[in-house]
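Trainee: Would you mind keeping the following structure in view while I ask a few things?
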Amino acid sequence: MTGPGTFVVLFLLAAIVSLAARRLRIPYTVALVVAGLVLGSTHPLPTPALSRDVMFGLVLPALLFEAAFDLEMEEIRRDGVTLASLAVPGVIATIAIVAVTLGPLLGLVGVSGSDVPGLQAALLFAALISATDPVAVVALFRALDAPRRLQVIIEAESLFNDGTAIIFFTFALGSSTGGVSAFVITDFFYVVGAGIIVGGVVGGASAEAIRRLFDPTLEVLLTTLAAYTSFVAAQAVGASGVIATVTAGLLCGSRAGRGGMSAAARIAAATFWEYVAFAFNSLVFLSIGLMVRLPTLLAHWRSILAAYIVVTLSRAVVTTGLIELMPGHFKLPRRWTAVLAWGGLRGALSMVLAVSIPESFPQRDLLITMTFGVVVLSILVQGITVSPALRWLGLSKRLPARLGYAATQAALLSAHSALADIERTGTMVATDDEMRRALAADYDVQLERAERNLAALGTALGAEDAATAAARRLLSDTEQERVIEAFRSGAITAEQRDRRLAELRTRWWDDGHRGEGH
């Protein structure tokens, strides 16, 4: 089958698997990997090349940007100390534990000879496997009914610790060939700091350009350029493309960044990036299953199981230890710490890093086999059990209320978009101003009804949940758009517009701080 034909079949399979996963109530990512494993065993079509170039050049920037774009900067700041601790010292500690304990444990379970990695190989394996994979984590937790703050911590940590792991993987690989600088710490801070600066410049410039445009297509295009430009520019100066793209995504998706978008652009951007995430996640997780060869994994089951135990336990020890050592106001509930430790999935990024190890590296095949095995176990075991664990720990919110909130949010966005269409093209479909006003009035009624329902549901879901903040944000955006449209139509003066916008922003700020204080 040709290349394009393969992708057609994969997308068709992704749609079928998505429908089956919903009906069977299993995580979509898990279902994709299982489907890939079945296809990989029967070989009905060629395996797509999930190479380092494809992953780093096409897939990773888009998925990182989409995940960061969906986060609020205020949410990141609130748990910034926790995230920084887990993403840097947490990953370094995990790498050290895995590198030191992997060999002895393999010896204890009866593995010997060439199947036991040396210290250099163990260090390389620890670097590529120790960080949670943002592609796997975000895709899984988006589908779960976890508290919003816990979801944000897990997703944000996976975005940032991913950058740390790639940096140390590069250092570890360089040390095996004698290519690492003596100033390792200085190099690390340069890679991270330059990545933040590059992402900040690109993200800030994109947000400012979007603010000056009133074309939804161009505004969405600028977010796409921000995702890839930040990654490429950071790589070009020797910085972390991962950290640069995450920074750019946070700036473009922040309150100020989204506030510069028109209502139509916000809806278009949300729809576009949601589709991109679905398409790329589908290809990535199907490719994981297709790339794995079950007979090879079964032949090394002791090594894989021991490596999985080491990686999982080291994550649990480091996560629990760091959270317990934090000052009181930074500590998380212990139930959250358990989910944070267990929800650290490994995914395609670890596999791509493993495949990118030079063929001349000793024990390369062993490292690839162990990595593939740990990734598959991580997705299947932890991916299936995270949702029951949330329910067992009492962390699953009321699903009917969330479904009602999502439906009402969709109704609000749809009505607001339709009203904007009437304002823009009403003269072409209505014969006079009276007909145009009648059409607009009908959608005004829908908007008011959706706004009331959204506010009520947001409150019902609780102040800790992001639904409350999202409800306030959507209502504020809608009201501000109405004020601006009223000014453009000549219904109010510039002075009245500015006074009303100031009142709305002040009310939004006050409501947000009252919500945080609950």
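Please note that chains go A, B, ... in the order of the structure tokens, that every chain numbers its residues from 1, and that ligands are numbered from 1 in the order shown.
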Can you list, as a ChimeraX atom specification, every protein, DNA or RNA residue that comes within 10 Å of region 90-107 of chain A when you count only C-alpha atoms, leaving out same-chain residues fewer than 3 positions away?

Mentor: /A:83-87,110-113,115-132,161-162,164-165,168-169,302-319,321-322

Trainee: Nearest to Phe330 (chain A): which of A:Thr245, A:Ser240, A:Thr82, A:Thr385 is it, counting only C-alpha atoms?

Mentor: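 Of A:Thr245, A:Ser240, A:Thr82, A:Thr385, the one nearest Phe330 (chain A), counting only C-alpha atoms, is A:Thr82.
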
Trainee: Taking 2 positions as the minimum chain separation for residues in the same chain, which residues sit within 12 Å of Ala15 (chain A) when counting only C-alpha atoms? Answer as JSON, numbers by chain.

Mentor: {"A": [8, 9, 10, 11, 12, 13, 17, 18, 19, 20, 21, 22, 28, 31, 32, 35, 278, 279, 282, 283, 286]}

Trainee: Find the residues around Val276 (chain A) up to 9 Å (only C-alpha atoms counted), leave out those fewer than 5 positions away in its own chain, and share them as number ranges by chain.

Mentor: A: 62-63, 66, 271, 281
